[in-house]
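Participant: Next up is a structure, given as structure tokens.
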Amino acid sequence: MRRVVDVISIALLLGAALAFTFGVRALGDEHDLAALYWLAAGALCLRASTDLLRPKPERR
Amino acid sequence: MIHSDEGREQPVSPRGKPEEPSFEPVVSFKVMPPAEERESSERVRRINVLLPGLYAWAATVLYPASLRGVGMLARWSAALALLPLLVGIALGKSRPLLSRSLSLHGFLAACALTWILLGDLLAVDHLDPLRAALGAIGWVLFAFAWGASREPELIPEDDPRALPGEPLAPRGTLPAGATAVLTVAVMGALVPLLFAWRVTRPSHALLAHAAAVAAAVGLVSSGAEIAVNRGKWAPIESASRRVTHAIVPLAALTILLLVGVIELFSS
């Protein structure tokens, strides 16, 4: 199961790279809303990939 | 020889005191090169700084200063900008601090002064993109020339002037596939940077470059973290706990993707 989560983490990193690429490409195609969408999706993918890797310590 | 508390024999110095245990390296490494060889590598290093510096100066300072309509002050400034670089390189190891200050800081300051004097001639709409890109590469090479990397197998601690001590052994090894993960992150970071050049609207182009740089920085840092730390927490953290902690960005991502899918099918 941990290996699966590792794979998901790497897949999310790849997804972030793809989303950022789509976002910047959409800016070039003058699709500003789509660009915002993809940039936000990329940021969330990146955040999820690092959170999966390194969970925050529990608050006591 | 004397006997320690544990009954082991220890070497004794001629003055009767136990000698400090001498450290002998387990593995023999390449020692520092002799003075002649260091002198030669220093000469190569100076040439490495000089050549890209000359190229960057010629492409980004001399060329725009030689165009028509440039004032004499800017022309003189452009010509004199090379002086600190040449003097600094000539000083070399005899005055290392002054040499560095002149050939790095002085040279950059003189070039920057020329650019200020050139004024509107360096505006974006007056620049030839290819020439500007080549000039930027020249400055990148100049910056890299100031860096230094350790020679393979050369251990600075083996220098006779270095203080002896225990070698610092690595505390761990990289997890399998770390290089592949980092390569994916770096390649993924390069793609948005390239696509940013496709944006033609001026204000949006700036935003695209800023977004691409931020994305590249984020991707490389996250990729490096995943590459290095993957698996280190495995004995402590269960998979379900990791997923639980990442639930907020995962849920937001799912909602965002759902909105995108709905928008795609409704339009």
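Chain labels follow the order of the structure tokens: the first chain is A, the next B, and so on; residue numbering restarts at 1 in every chain, and ligands are counted from 1 in their shown order.
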For chain A, which residues have at least one atom within 7 Å of chain B, if we go by only C-alpha atoms? Write them as an mmCIF file with C-alpha atoms, in the first residue's frame, please.
Facilitator:
data_model
loop_
_atom_site.group_PDB
_atom_site.id
_atom_site.type_symbol
_atom_site.label_atom_id
_atom_site.label_comp_id
_atom_site.auth_asym_id
_atom_site.auth_seq_id
_atom_site.Cartn_x
_atom_site.Cartn_y
_atom_site.Cartn_z
ATOM 1 C CA MET A 1 0.000 0.000 0.000
ATOM 2 C CA ARG A 2 2.838 2.374 0.827
ATOM 3 C CA VAL A 5 0.976 5.896 -2.318
ATOM 4 C CA ALA A 17 4.197 19.380 -14.536
ATOM 5 C CA PHE A 20 1.593 23.872 -15.472
ATOM 6 C CA THR A 21 2.449 23.223 -19.106
ATOM 7 C CA VAL A 24 1.195 28.379 -19.700
ATOM 8 C CA ARG A 25 0.131 27.081 -23.131
ATOM 9 C CA LEU A 27 -2.002 31.754 -21.696
ATOM 10 C CA GLY A 28 -0.302 31.693 -25.089
ATOM 11 C CA ALA A 41 -4.706 22.425 -10.690
ATOM 12 C CA LEU A 44 -2.849 21.560 -5.952
ATOM 13 C CA CYS A 45 -1.186 18.534 -7.579
ATOM 14 C CA ARG A 47 0.881 20.311 -2.811
ATOM 15 C CA ALA A 48 -0.845 16.923 -2.696
ATOM 16 C CA THR A 50 4.471 16.576 -1.185
ATOM 17 C CA ASP A 51 1.777 16.123 1.497
ATOM 18 C CA LEU A 52 1.472 12.466 0.559
ATOM 19 C CA LEU A 53 5.201 12.102 0.919
ATOM 20 C CA PRO A 55 2.574 14.068 6.395
ATOM 21 C CA LYS A 56 2.466 16.910 8.886
#
Participant: Skipping near chain neighbours, those fewer than 4 positions away, what residues fall within 7 Å of Leu12 (chain A) using only C-alpha atoms, listed as a list of chain:residue names?
Facilitator: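 My list of contacting residues is A:Ile8, A:Ala16, A:Cys45, A:Leu46, A:Ser49.
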Participant: Put those residues in a file: all heavy atoms, as a tab-separated table (two decimals), in the first residue's frame.
Facilitator:
chain	number	residue	atom	x	y	z
A	8	ILE	N	1.51	7.16	-6.47
A	8	ILE	CA	0.53	8.26	-6.63
A	8	ILE	C	1.23	9.60	-6.45
A	8	ILE	O	0.97	10.56	-7.19
A	8	ILE	CB	-0.63	8.10	-5.62
A	8	ILE	CG1	-1.44	6.85	-5.95
A	8	ILE	CG2	-1.55	9.33	-5.66
A	8	ILE	CD1	-2.48	6.51	-4.91
A	16	ALA	N	1.33	17.61	-12.00
A	16	ALA	CA	1.59	19.05	-11.78
A	16	ALA	C	2.38	19.64	-12.94
A	16	ALA	O	2.06	20.72	-13.43
A	16	ALA	CB	2.36	19.22	-10.47
A	45	CYS	N	-1.88	19.81	-7.34
A	45	CYS	CA	-1.19	18.53	-7.58
A	45	CYS	C	0.15	18.52	-6.85
A	45	CYS	O	0.51	17.53	-6.20
A	45	CYS	CB	-0.92	18.35	-9.07
A	45	CYS	SG	-2.28	17.65	-9.98
A	46	LEU	N	0.87	19.62	-6.95
A	46	LEU	CA	2.19	19.72	-6.33
A	46	LEU	C	2.07	19.61	-4.81
A	46	LEU	O	2.82	18.88	-4.16
A	46	LEU	CB	2.81	21.05	-6.72
A	46	LEU	CG	4.32	21.14	-6.72
A	46	LEU	CD1	4.91	20.12	-7.65
A	46	LEU	CD2	4.75	22.52	-7.14
A	49	SER	N	1.17	16.10	-3.80
A	49	SER	CA	2.27	15.14	-3.96
A	49	SER	C	3.24	15.24	-2.79
A	49	SER	O	3.72	14.21	-2.29
A	49	SER	CB	3.00	15.37	-5.28
A	49	SER	OG	3.80	16.51	-5.20
Participant: I need the residues of chain A that end up classed as helix (DSSP H, G or I) by DSSP on the backbone, written out as JSON, numbers by chain.
Facilitator: {"A": [2, 3, 4, 5, 6, 7, 8, 9, 10, 11, 12, 13, 14, 15, 16, 17, 18, 19, 20, 21, 22, 23, 24, 25, 26, 27, 28, 32, 33, 34, 35, 36, 37, 38, 39, 40, 41, 42, 43, 44, 45, 46, 47, 48, 49, 50, 51, 52, 53]}
Participant: Could those residues be written to a file, using N, CA and C atoms, as a compact mmCIF listing (two decimals), in the first residue's frame?
Facilitator:
# COMPACT_ATOMS: atom_id res chain seq x y z
N ARG A 2 1.96 1.19 0.78
CA ARG A 2 2.84 2.37 0.83
C ARG A 2 3.47 2.63 -0.54
N ARG A 3 3.78 1.52 -1.24
CA ARG A 3 4.37 1.67 -2.57
C ARG A 3 3.37 2.33 -3.51
N VAL A 4 2.09 1.98 -3.34
CA VAL A 4 1.05 2.58 -4.19
C VAL A 4 0.98 4.09 -3.93
N VAL A 5 1.03 4.46 -2.66
CA VAL A 5 0.98 5.90 -2.32
C VAL A 5 2.21 6.61 -2.88
N ASP A 6 3.36 5.92 -2.87
CA ASP A 6 4.57 6.49 -3.48
C ASP A 6 4.34 6.77 -4.96
N VAL A 7 3.76 5.78 -5.62
CA VAL A 7 3.51 5.91 -7.07
C VAL A 7 2.53 7.05 -7.32
N ILE A 8 1.51 7.16 -6.47
CA ILE A 8 0.53 8.26 -6.63
C ILE A 8 1.23 9.60 -6.45
N SER A 9 2.13 9.65 -5.48
CA SER A 9 2.86 10.90 -5.22
C SER A 9 3.67 11.32 -6.46
N ILE A 10 4.35 10.36 -7.06
CA ILE A 10 5.15 10.67 -8.26
C ILE A 10 4.22 11.03 -9.43
N ALA A 11 3.07 10.30 -9.51
CA ALA A 11 2.11 10.60 -10.59
C ALA A 11 1.56 12.01 -10.43
N LEU A 12 1.32 12.42 -9.18
CA LEU A 12 0.83 13.79 -8.95
C LEU A 12 1.88 14.82 -9.33
N LEU A 13 3.15 14.48 -9.10
CA LEU A 13 4.24 15.39 -9.52
C LEU A 13 4.23 15.55 -11.04
N LEU A 14 4.06 14.42 -11.72
CA LEU A 14 3.97 14.45 -13.19
C LEU A 14 2.75 15.26 -13.63
N GLY A 15 1.63 15.02 -12.91
CA GLY A 15 0.40 15.74 -13.21
C GLY A 15 0.58 17.23 -13.04
N ALA A 16 1.33 17.61 -12.00
CA ALA A 16 1.59 19.05 -11.78
C ALA A 16 2.38 19.64 -12.94
N ALA A 17 3.39 18.89 -13.40
CA ALA A 17 4.20 19.38 -14.54
C ALA A 17 3.31 19.56 -15.76
N LEU A 18 2.43 18.58 -16.01
CA LEU A 18 1.53 18.65 -17.17
C LEU A 18 0.57 19.83 -17.04
N ALA A 19 0.00 19.98 -15.83
CA ALA A 19 -0.98 21.05 -15.61
C ALA A 19 -0.33 22.42 -15.80
N PHE A 20 0.90 22.59 -15.28
CA PHE A 20 1.59 23.87 -15.47
C PHE A 20 1.84 24.13 -16.96
N THR A 21 2.21 23.07 -17.67
CA THR A 21 2.45 23.22 -19.11
C THR A 21 1.16 23.66 -19.82
N PHE A 22 0.05 22.97 -19.49
CA PHE A 22 -1.24 23.35 -20.10
C PHE A 22 -1.60 24.79 -19.76
N GLY A 23 -1.33 25.17 -18.49
CA GLY A 23 -1.67 26.52 -18.04
C GLY A 23 -0.92 27.59 -18.83
N VAL A 24 0.40 27.39 -18.97
CA VAL A 24 1.19 28.38 -19.70
C VAL A 24 0.82 28.37 -21.19
N ARG A 25 0.53 27.16 -21.72
CA ARG A 25 0.13 27.08 -23.13
C ARG A 25 -1.20 27.79 -23.35
N ALA A 26 -2.12 27.64 -22.38
CA ALA A 26 -3.42 28.31 -22.50
C ALA A 26 -3.26 29.83 -22.48
N LEU A 27 -2.29 30.31 -21.69
CA LEU A 27 -2.00 31.75 -21.70
C LEU A 27 -1.57 32.21 -23.09
N GLY A 28 -0.75 31.38 -23.74
CA GLY A 28 -0.30 31.69 -25.09
C GLY A 28 -1.43 31.67 -26.09
N ASP A 32 -7.50 32.78 -20.95
CA ASP A 32 -7.03 33.15 -19.62
C ASP A 32 -7.67 32.31 -18.51
N LEU A 33 -8.97 32.04 -18.65
CA LEU A 33 -9.66 31.27 -17.60
C LEU A 33 -9.10 29.85 -17.53
N ALA A 34 -8.91 29.26 -18.71
CA ALA A 34 -8.32 27.91 -18.74
C ALA A 34 -6.92 27.92 -18.15
N ALA A 35 -6.18 28.99 -18.41
CA ALA A 35 -4.82 29.09 -17.87
C ALA A 35 -4.85 29.11 -16.34
N LEU A 36 -5.77 29.93 -15.80
CA LEU A 36 -5.91 29.98 -14.34
C LEU A 36 -6.27 28.61 -13.78
N TYR A 37 -7.21 27.97 -14.46
CA TYR A 37 -7.67 26.63 -14.04
C TYR A 37 -6.50 25.66 -13.96
N TRP A 38 -5.72 25.59 -15.03
CA TRP A 38 -4.62 24.62 -15.07
C TRP A 38 -3.51 24.98 -14.09
N LEU A 39 -3.25 26.27 -13.91
CA LEU A 39 -2.20 26.66 -12.96
C LEU A 39 -2.63 26.29 -11.54
N ALA A 40 -3.92 26.51 -11.24
CA ALA A 40 -4.42 26.14 -9.90
C ALA A 40 -4.37 24.63 -9.72
N ALA A 41 -4.75 23.90 -10.77
CA ALA A 41 -4.71 22.43 -10.69
C ALA A 41 -3.26 21.96 -10.47
N GLY A 42 -2.32 22.62 -11.15
CA GLY A 42 -0.91 22.25 -10.98
C GLY A 42 -0.43 22.49 -9.56
N ALA A 43 -0.82 23.63 -9.00
CA ALA A 43 -0.40 23.95 -7.63
C ALA A 43 -0.97 22.92 -6.65
N LEU A 44 -2.23 22.54 -6.85
CA LEU A 44 -2.85 21.56 -5.95
C LEU A 44 -2.19 20.19 -6.10
N CYS A 45 -1.88 19.81 -7.34
CA CYS A 45 -1.19 18.53 -7.58
C CYS A 45 0.15 18.52 -6.85
N LEU A 46 0.87 19.62 -6.95
CA LEU A 46 2.19 19.72 -6.33
C LEU A 46 2.07 19.61 -4.81
N ARG A 47 1.09 20.33 -4.26
CA ARG A 47 0.88 20.31 -2.81
C ARG A 47 0.49 18.91 -2.34
N ALA A 48 -0.41 18.27 -3.08
CA ALA A 48 -0.85 16.92 -2.70
C ALA A 48 0.31 15.94 -2.78
N SER A 49 1.17 16.10 -3.80
CA SER A 49 2.27 15.14 -3.96
C SER A 49 3.24 15.24 -2.79
N THR A 50 3.53 16.46 -2.32
CA THR A 50 4.47 16.58 -1.18
C THR A 50 3.79 16.22 0.13
N ASP A 51 2.48 16.50 0.26
CA ASP A 51 1.78 16.12 1.50
C ASP A 51 1.66 14.61 1.62
N LEU A 52 1.53 13.93 0.51
CA LEU A 52 1.47 12.47 0.56
C LEU A 52 2.81 11.91 1.00
N LEU A 53 3.86 12.59 0.59
CA LEU A 53 5.20 12.10 0.92
C LEU A 53 5.54 12.35 2.38
